[in-house]
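Content type mmCIF, C-alpha atoms, from the file final-v8.cif:
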```cif
data_work
#
loop_
_atom_site.label_atom_id
_atom_site.label_comp_id
_atom_site.auth_asym_id
_atom_site.auth_seq_id
_atom_site.Cartn_x
_atom_site.Cartn_y
_atom_site.Cartn_z
CA MET A 16 -58.44 64.49 23.00
CA ARG A 17 -59.00 61.69 20.51
CA ASP A 18 -56.24 59.34 19.42
CA GLU A 19 -53.84 60.69 22.01
CA ALA A 20 -51.93 57.39 22.04
CA ALA A 21 -51.57 57.38 18.24
CA THR A 22 -50.39 61.01 18.19
CA LEU A 23 -47.81 60.25 20.87
CA GLU A 24 -46.64 57.16 19.01
CA ASN A 25 -46.13 59.20 15.81
CA LEU A 26 -44.20 61.93 17.61
CA VAL A 27 -42.04 59.42 19.46
CA GLN A 28 -41.27 57.67 16.14
CA GLU A 29 -40.25 61.04 14.69
CA LEU A 30 -37.87 61.69 17.59
CA LYS A 31 -36.41 58.19 17.28
CA ARG A 32 -35.95 58.38 13.51
CA GLY A 33 -33.65 61.37 13.92
CA THR A 34 -31.68 59.62 16.65
CA LEU A 35 -31.22 56.26 14.94
CA VAL A 36 -28.61 57.41 12.40
CA LEU A 37 -26.53 59.00 15.15
CA SER A 38 -26.88 55.78 17.20
CA VAL A 39 -25.73 53.57 14.33
CA LEU A 40 -22.70 55.81 13.73
CA LEU A 41 -21.87 55.56 17.44
CA CYS A 42 -22.15 51.74 17.46
CA THR A 43 -20.00 50.98 14.39
CA GLU A 44 -16.64 52.09 15.75
CA SER A 45 -15.74 48.39 15.57
CA PRO A 46 -17.02 46.37 12.58
CA SER A 47 -20.41 44.90 13.33
CA TYR A 48 -23.01 42.90 11.38
CA GLY A 49 -26.71 43.63 11.26
CA TYR A 50 -28.08 41.40 13.94
CA ALA A 51 -25.26 42.18 16.40
CA LEU A 52 -25.93 45.88 15.80
CA VAL A 53 -29.63 45.46 16.62
CA ALA A 54 -28.58 43.84 19.90
CA ALA A 55 -25.96 46.53 20.65
CA LEU A 56 -28.49 49.32 20.01
CA ARG A 57 -31.08 47.59 22.17
CA SER A 58 -28.66 47.13 25.05
CA ARG A 59 -28.10 50.91 25.01
CA GLY A 60 -31.82 51.66 24.95
CA MET A 61 -32.40 52.12 21.19
CA GLU A 62 -34.99 49.71 19.85
CA ALA A 63 -34.64 49.18 16.09
CA GLU A 64 -36.31 46.50 14.00
CA GLN A 65 -34.17 44.58 11.53
CA ASN A 66 -36.40 45.71 8.66
CA THR A 67 -35.69 49.34 9.62
CA LEU A 68 -32.00 48.90 10.30
CA TYR A 69 -30.92 46.88 7.27
CA PRO A 70 -32.08 49.43 4.65
CA LEU A 71 -30.57 52.19 6.82
CA LEU A 72 -27.18 50.43 6.84
CA ARG A 73 -27.26 50.17 3.03
CA ARG A 74 -28.24 53.85 2.75
CA LEU A 75 -25.46 54.98 5.08
CA GLU A 76 -22.99 52.93 3.04
CA SER A 77 -24.20 54.48 -0.22
CA GLN A 78 -23.74 57.92 1.41
CA GLY A 79 -20.15 57.00 2.29
CA LEU A 80 -20.74 57.11 6.05
CA LEU A 81 -20.22 53.37 6.57
CA GLU A 82 -17.97 50.87 4.81
CA SER A 83 -18.80 47.19 4.55
CA SER A 84 -17.07 43.90 3.85
CA TRP A 85 -18.02 40.23 3.85
CA ASP A 86 -16.63 37.89 6.43
CA THR A 87 -16.77 34.44 4.85
CA SER A 88 -14.62 32.65 7.45
CA ASP A 89 -17.75 31.35 9.16
CA SER A 90 -20.15 28.83 7.63
CA ARG A 91 -22.63 31.71 7.47
CA PRO A 92 -21.09 34.68 5.62
CA ARG A 93 -21.90 38.04 7.17
CA ARG A 94 -21.60 41.60 5.99
CA TYR A 95 -19.76 43.75 8.52
CA TYR A 96 -20.23 47.51 8.69
CA VAL A 97 -17.76 50.00 10.13
CA ILE A 98 -17.83 53.80 10.28
CA SER A 99 -15.77 55.62 7.60
CA GLU A 100 -13.67 58.77 7.97
CA GLY A 101 -16.55 60.79 6.50
CA GLY A 102 -18.90 59.06 8.92
CA ARG A 103 -16.71 60.15 11.83
CA ARG A 104 -16.80 63.78 10.70
CA LEU A 105 -20.55 63.69 10.25
CA ARG A 106 -21.00 61.90 13.58
CA ALA A 107 -19.10 64.66 15.39
CA ALA A 108 -21.29 67.32 13.75
CA LEU A 109 -24.53 65.43 14.50
CA LEU A 110 -23.48 64.86 18.09
CA ALA A 111 -22.80 68.58 18.50
CA GLU A 112 -26.27 69.32 17.09
CA TRP A 113 -27.83 66.75 19.43
CA ARG A 114 -26.15 68.41 22.43
CA ARG A 115 -27.33 71.81 21.25
CA LEU A 116 -30.94 70.57 20.93
CA ASN A 117 -30.76 68.90 24.33
CA ASP A 118 -29.53 72.16 25.86
CA ALA A 119 -32.44 73.99 24.17
CA VAL A 120 -35.00 71.47 25.48
CA THR A 121 -33.51 71.69 28.97
CA ALA A 122 -33.62 75.53 28.86
CA MET A 123 -37.25 75.49 27.69
CA GLU A 124 -38.25 72.99 30.34
CA ALA A 125 -36.65 75.16 33.05
CA GLY A 126 -38.34 78.28 31.68
CA LYS A 127 -41.86 76.95 31.15
CA MET B 17 -17.44 61.50 0.46
CA ARG B 18 -19.67 63.46 -1.89
CA ASP B 19 -22.33 65.85 -0.67
CA GLU B 20 -21.25 65.54 2.94
CA ALA B 21 -22.68 68.97 3.76
CA ALA B 22 -26.05 68.12 2.19
CA THR B 23 -26.21 64.79 4.03
CA LEU B 24 -25.44 66.52 7.32
CA GLU B 25 -28.05 69.19 6.63
CA ASN B 26 -30.73 66.52 5.98
CA LEU B 27 -29.88 64.62 9.14
CA VAL B 28 -29.83 67.78 11.25
CA GLN B 29 -33.24 68.75 9.84
CA GLU B 30 -34.53 65.30 10.80
CA LEU B 31 -33.28 65.72 14.36
CA LYS B 32 -34.80 69.20 14.59
CA ARG B 33 -38.18 68.15 13.18
CA GLY B 34 -38.65 65.71 16.01
CA THR B 35 -37.65 68.32 18.58
CA LEU B 36 -39.80 71.18 17.31
CA VAL B 37 -43.15 69.80 18.52
CA LEU B 38 -41.73 69.25 22.00
CA SER B 39 -40.27 72.78 21.94
CA VAL B 40 -43.60 74.35 20.96
CA LEU B 41 -45.39 72.46 23.74
CA LEU B 42 -42.77 73.71 26.20
CA CYS B 43 -43.13 77.35 25.05
CA THR B 44 -46.94 77.63 25.16
CA GLU B 45 -47.44 77.33 28.91
CA SER B 46 -48.56 80.97 28.68
CA PRO B 47 -50.67 82.01 25.65
CA SER B 48 -48.43 83.16 22.82
CA TYR B 49 -48.96 84.27 19.21
CA GLY B 50 -47.01 83.03 16.21
CA TYR B 51 -44.32 85.64 15.87
CA ALA B 52 -43.68 85.86 19.63
CA LEU B 53 -43.30 82.09 19.66
CA VAL B 54 -40.71 82.19 16.85
CA ALA B 55 -38.74 84.69 18.97
CA ALA B 56 -39.15 82.63 22.18
CA LEU B 57 -37.95 79.45 20.42
CA ARG B 58 -35.00 81.29 18.90
CA SER B 59 -33.94 82.75 22.24
CA ARG B 60 -33.75 79.18 23.59
CA GLY B 61 -31.72 77.95 20.63
CA MET B 62 -34.49 76.50 18.40
CA GLU B 63 -34.57 78.16 14.98
CA ALA B 64 -37.98 77.79 13.30
CA GLU B 65 -39.21 79.64 10.24
CA GLN B 66 -42.67 81.17 10.35
CA ASN B 67 -43.72 79.09 7.34
CA THR B 68 -42.80 75.94 9.29
CA LEU B 69 -44.25 77.03 12.60
CA TYR B 70 -47.63 78.36 11.53
CA PRO B 71 -48.86 75.13 9.88
CA LEU B 72 -47.49 73.21 12.88
CA LEU B 73 -49.51 75.37 15.31
CA ARG B 74 -52.67 74.67 13.30
CA ARG B 75 -51.89 70.94 13.21
CA LEU B 76 -51.27 70.79 16.97
CA GLU B 77 -54.56 72.60 17.55
CA SER B 78 -56.43 70.14 15.30
CA GLN B 79 -54.85 67.31 17.31
CA GLY B 80 -56.14 68.87 20.52
CA LEU B 81 -52.69 69.61 21.92
CA LEU B 82 -53.03 73.40 21.70
CA GLU B 83 -56.04 75.68 22.11
CA SER B 84 -56.31 79.03 20.39
CA SER B 85 -58.28 82.26 20.71
CA TRP B 86 -58.26 85.64 19.03
CA ASP B 87 -57.15 88.72 20.91
CA THR B 88 -58.87 91.63 19.19
CA SER B 89 -58.10 94.24 21.86
CA ASP B 90 -55.16 95.50 19.80
CA SER B 91 -55.48 97.23 16.42
CA ARG B 92 -53.93 94.11 14.97
CA PRO B 93 -55.91 91.02 16.01
CA ARG B 94 -53.74 88.06 16.91
CA ARG B 95 -54.39 84.38 17.41
CA TYR B 96 -52.96 83.17 20.72
CA TYR B 97 -52.06 79.54 21.32
CA VAL B 98 -51.82 77.83 24.70
CA ILE B 99 -51.15 74.21 25.63
CA SER B 100 -54.22 72.08 26.47
CA GLU B 101 -54.58 69.44 29.17
CA GLY B 102 -54.05 66.76 26.54
CA GLY B 103 -51.00 68.69 25.35
CA ARG B 104 -49.56 68.64 28.86
CA ARG B 105 -49.98 64.87 29.11
CA LEU B 106 -48.37 64.35 25.73
CA ARG B 107 -45.58 66.81 26.56
CA ALA B 108 -44.71 64.85 29.70
CA ALA B 109 -44.56 61.61 27.71
CA LEU B 110 -42.46 63.18 24.92
CA LEU B 111 -40.09 64.73 27.42
CA ALA B 112 -39.61 61.35 29.11
CA GLU B 113 -38.84 59.84 25.68
CA TRP B 114 -36.41 62.65 24.90
CA ARG B 115 -34.54 62.03 28.19
CA ARG B 116 -34.46 58.30 27.44
CA LEU B 117 -32.98 58.92 23.97
CA ASN B 118 -30.46 61.38 25.40
CA ASP B 119 -29.38 58.79 27.97
CA ALA B 120 -29.03 56.23 25.14
CA VAL B 121 -26.90 58.62 23.04
CA THR B 122 -24.75 59.45 26.06
CA ALA B 123 -24.26 55.73 26.84
CA MET B 124 -23.34 54.99 23.21
CA GLU B 125 -20.90 57.89 23.09
CA ALA B 126 -19.20 56.67 26.27
CA GLY B 127 -19.03 53.10 24.94
CA LYS B 128 -17.74 53.78 21.43
#
```
Mind turning this structure into structure tokens?
Amino acid sequence: MRDEAATLENLVQELKRGTLVLSVLLCTESPSYGYALVAALRSRGMEAEQNTLYPLLRRLESQGLLESSWDTSDSRPRRYYVISEGGRRLRAALLAEWRRLNDAVTAMEAGK
Amino acid sequence: MRDEAATLENLVQELKRGTLVLSVLLCTESPSYGYALVAALRSRGMEAEQNTLYPLLRRLESQGLLESSWDTSDSRPRRYYVISEGGRRLRAALLAEWRRLNDAVTAMEAGK
């Protein structure tokens, strides 16, 4: 098989893309700013580059799933993101879907 | 929040897209033809339309992850797909990644 490593990398990226939104919604229960969120995700095993995460945070805010505010008390103002009520509802639904998919994968692995 | 249902639907589709390749690789340990595979996936909780699955089977074959052959012994010839050696290697790597992501989601859910 040619390009096996590249094919795997693409498929892994596809799996991760779907998981990243759920991960961000799980890590913004307390207000968090971009760089701290990258670190929080990494410490739980989700690698995300800043140039992937920052546009995602803005998109999730525009979809009403996150809310943001500036903290200007520090010399370096930072935008903090926190999950909204709508984000919580969507998170619960996504988490249920994740569990369902994991059950399906586990059943298929057992049956193969 | 506007369009909450549409946003959820998009995100769920994204999660499923990443899982479908892994599911197909798990369900082709024995040779299987398109429609039987749709039924096998459904019985394990993975809904996939024929017009999504058929192009995916052809793509996975072109990537060397599946092999196919025609069975013409029946009045209705059918193309059977079975996982290749390269497919098995990639499946093992994808499954490991899936477990890793599931552990990450579980850790984030516990910590939120």
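For Gly49 in chain A, the set of protein, DNA and RNA residues having any atom at most 8 Å away, when counting only C-alpha atoms and skipping those fewer than 4 positions along the same chain, is Val53, Gln65, Leu68, Tyr69, Arg94, Tyr95 and Tyr96 of chain A.
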Could you make a table, as JSON lines, of the residues of chain B that have an atom within 9 Å of an atom of chain A, each with its nearest atom pair and distance in Å to one decimal, counting all atoms listed in the file, in chain and number order?
```
{"residue": "B:Met17", "atom": "CA", "partner": "A:Gly79", "partner_atom": "CA", "distance": 5.6}
{"residue": "B:Arg18", "atom": "CA", "partner": "A:Gln78", "partner_atom": "CA", "distance": 7.6}
{"residue": "B:Asp19", "atom": "CA", "partner": "A:Gln78", "partner_atom": "CA", "distance": 8.3}
{"residue": "B:Glu20", "atom": "CA", "partner": "A:Gly101", "partner_atom": "CA", "distance": 7.6}
{"residue": "B:Ala21", "atom": "CA", "partner": "A:Leu105", "partner_atom": "CA", "distance": 8.6}
{"residue": "B:Thr23", "atom": "CA", "partner": "A:Gln78", "partner_atom": "CA", "distance": 7.8}
{"residue": "B:Leu24", "atom": "CA", "partner": "A:Leu105", "partner_atom": "CA", "distance": 6.4}
{"residue": "B:Leu27", "atom": "CA", "partner": "A:Gly33", "partner_atom": "CA", "distance": 6.9}
{"residue": "B:Val28", "atom": "CA", "partner": "A:Leu109", "partner_atom": "CA", "distance": 6.6}
{"residue": "B:Gln29", "atom": "CA", "partner": "A:Gly33", "partner_atom": "CA", "distance": 8.4}
{"residue": "B:Glu30", "atom": "CA", "partner": "A:Gly33", "partner_atom": "CA", "distance": 5.1}
{"residue": "B:Leu31", "atom": "CA", "partner": "A:Gly33", "partner_atom": "CA", "distance": 4.4}
{"residue": "B:Lys32", "atom": "CA", "partner": "A:Leu116", "partner_atom": "CA", "distance": 7.5}
{"residue": "B:Arg33", "atom": "CA", "partner": "A:Glu29", "partner_atom": "CA", "distance": 7.6}
{"residue": "B:Gly34", "atom": "CA", "partner": "A:Leu30", "partner_atom": "CA", "distance": 4.4}
{"residue": "B:Thr35", "atom": "CA", "partner": "A:Leu30", "partner_atom": "CA", "distance": 6.7}
{"residue": "B:Val37", "atom": "CA", "partner": "A:Leu26", "partner_atom": "CA", "distance": 8.0}
{"residue": "B:Leu38", "atom": "CA", "partner": "A:Val120", "partner_atom": "CA", "distance": 7.9}
{"residue": "B:Ser39", "atom": "CA", "partner": "A:Val120", "partner_atom": "CA", "distance": 6.5}
{"residue": "B:Leu42", "atom": "CA", "partner": "A:Lys127", "partner_atom": "CA", "distance": 6.0}
{"residue": "B:Cys43", "atom": "CA", "partner": "A:Lys127", "partner_atom": "CA", "distance": 6.2}
{"residue": "B:Thr44", "atom": "CA", "partner": "A:Lys127", "partner_atom": "CA", "distance": 7.9}
{"residue": "B:Glu45", "atom": "CA", "partner": "A:Lys127", "partner_atom": "CA", "distance": 6.0}
{"residue": "B:Ser46", "atom": "CA", "partner": "A:Lys127", "partner_atom": "CA", "distance": 8.2}
{"residue": "B:Leu57", "atom": "CA", "partner": "A:Met123", "partner_atom": "CA", "distance": 8.3}
{"residue": "B:Arg60", "atom": "CA", "partner": "A:Ala119", "partner_atom": "CA", "distance": 5.4}
{"residue": "B:Gly61", "atom": "CA", "partner": "A:Ala119", "partner_atom": "CA", "distance": 5.4}
{"residue": "B:Met62", "atom": "CA", "partner": "A:Ala119", "partner_atom": "CA", "distance": 6.6}
{"residue": "B:Gln79", "atom": "CA", "partner": "A:Met16", "partner_atom": "CA", "distance": 7.3}
{"residue": "B:Gly80", "atom": "CA", "partner": "A:Met16", "partner_atom": "CA", "distance": 5.5}
{"residue": "B:Leu81", "atom": "CA", "partner": "A:Met16", "partner_atom": "CA", "distance": 7.8}
{"residue": "B:Glu101", "atom": "CA", "partner": "A:Met16", "partner_atom": "CA", "distance": 8.8}
{"residue": "B:Gly102", "atom": "CA", "partner": "A:Met16", "partner_atom": "CA", "distance": 6.1}
{"residue": "B:Gly103", "atom": "CA", "partner": "A:Met16", "partner_atom": "CA", "distance": 8.9}
{"residue": "B:Leu106", "atom": "CA", "partner": "A:Leu23", "partner_atom": "CA", "distance": 6.4}
{"residue": "B:Arg107", "atom": "CA", "partner": "A:Leu23", "partner_atom": "CA", "distance": 9.0}
{"residue": "B:Ala109", "atom": "CA", "partner": "A:Leu23", "partner_atom": "CA", "distance": 7.7}
{"residue": "B:Leu110", "atom": "CA", "partner": "A:Val27", "partner_atom": "CA", "distance": 6.6}
{"residue": "B:Leu111", "atom": "CA", "partner": "A:Val120", "partner_atom": "CA", "distance": 8.7}
{"residue": "B:Glu113", "atom": "CA", "partner": "A:Val27", "partner_atom": "CA", "distance": 7.0}
{"residue": "B:Trp114", "atom": "CA", "partner": "A:Leu30", "partner_atom": "CA", "distance": 7.5}
{"residue": "B:Arg115", "atom": "CA", "partner": "A:Asn117", "partner_atom": "CA", "distance": 8.7}
{"residue": "B:Arg116", "atom": "CA", "partner": "A:Gly60", "partner_atom": "CA", "distance": 7.6}
{"residue": "B:Leu117", "atom": "CA", "partner": "A:Met61", "partner_atom": "CA", "distance": 7.4}
{"residue": "B:Asn118", "atom": "CA", "partner": "A:Asn117", "partner_atom": "CA", "distance": 7.6}
{"residue": "B:Asp119", "atom": "CA", "partner": "A:Gly60", "partner_atom": "CA", "distance": 8.1}
{"residue": "B:Ala120", "atom": "CA", "partner": "A:Gly60", "partner_atom": "CA", "distance": 5.4}
{"residue": "B:Val121", "atom": "CA", "partner": "A:Ser38", "partner_atom": "CA", "distance": 6.5}
{"residue": "B:Ala123", "atom": "CA", "partner": "A:Arg59", "partner_atom": "CA", "distance": 6.4}
{"residue": "B:Met124", "atom": "CA", "partner": "A:Leu41", "partner_atom": "CA", "distance": 6.0}
{"residue": "B:Glu125", "atom": "CA", "partner": "A:Leu41", "partner_atom": "CA", "distance": 6.2}
{"residue": "B:Gly127", "atom": "CA", "partner": "A:Cys42", "partner_atom": "CA", "distance": 8.2}
{"residue": "B:Lys128", "atom": "CA", "partner": "A:Leu41", "partner_atom": "CA", "distance": 6.0}
```
| Between CA of Asp90 in chain B and CA of Pro47 in chain B, distance in Å (one decimal) |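 Computing the Euclidean distance for CA of Asp90 in chain B and CA of Pro47 in chain B yields 15.4 Å.
With all atoms listed in the file as the basis for measurement, A:Tyr50 is the residue among A:Pro92, A:Val97, A:Thr87, A:Tyr50 that approaches Glu64 in chain A most closely.
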| How far is it from CA of Glu82 in chain A to CA of Ala107 in chain A, in Å with one decimal? | 17.4 Å
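With CA of Tyr49 in chain B on one side and CA of Glu63 in chain B on the other, the separation reads 16.2 Å.
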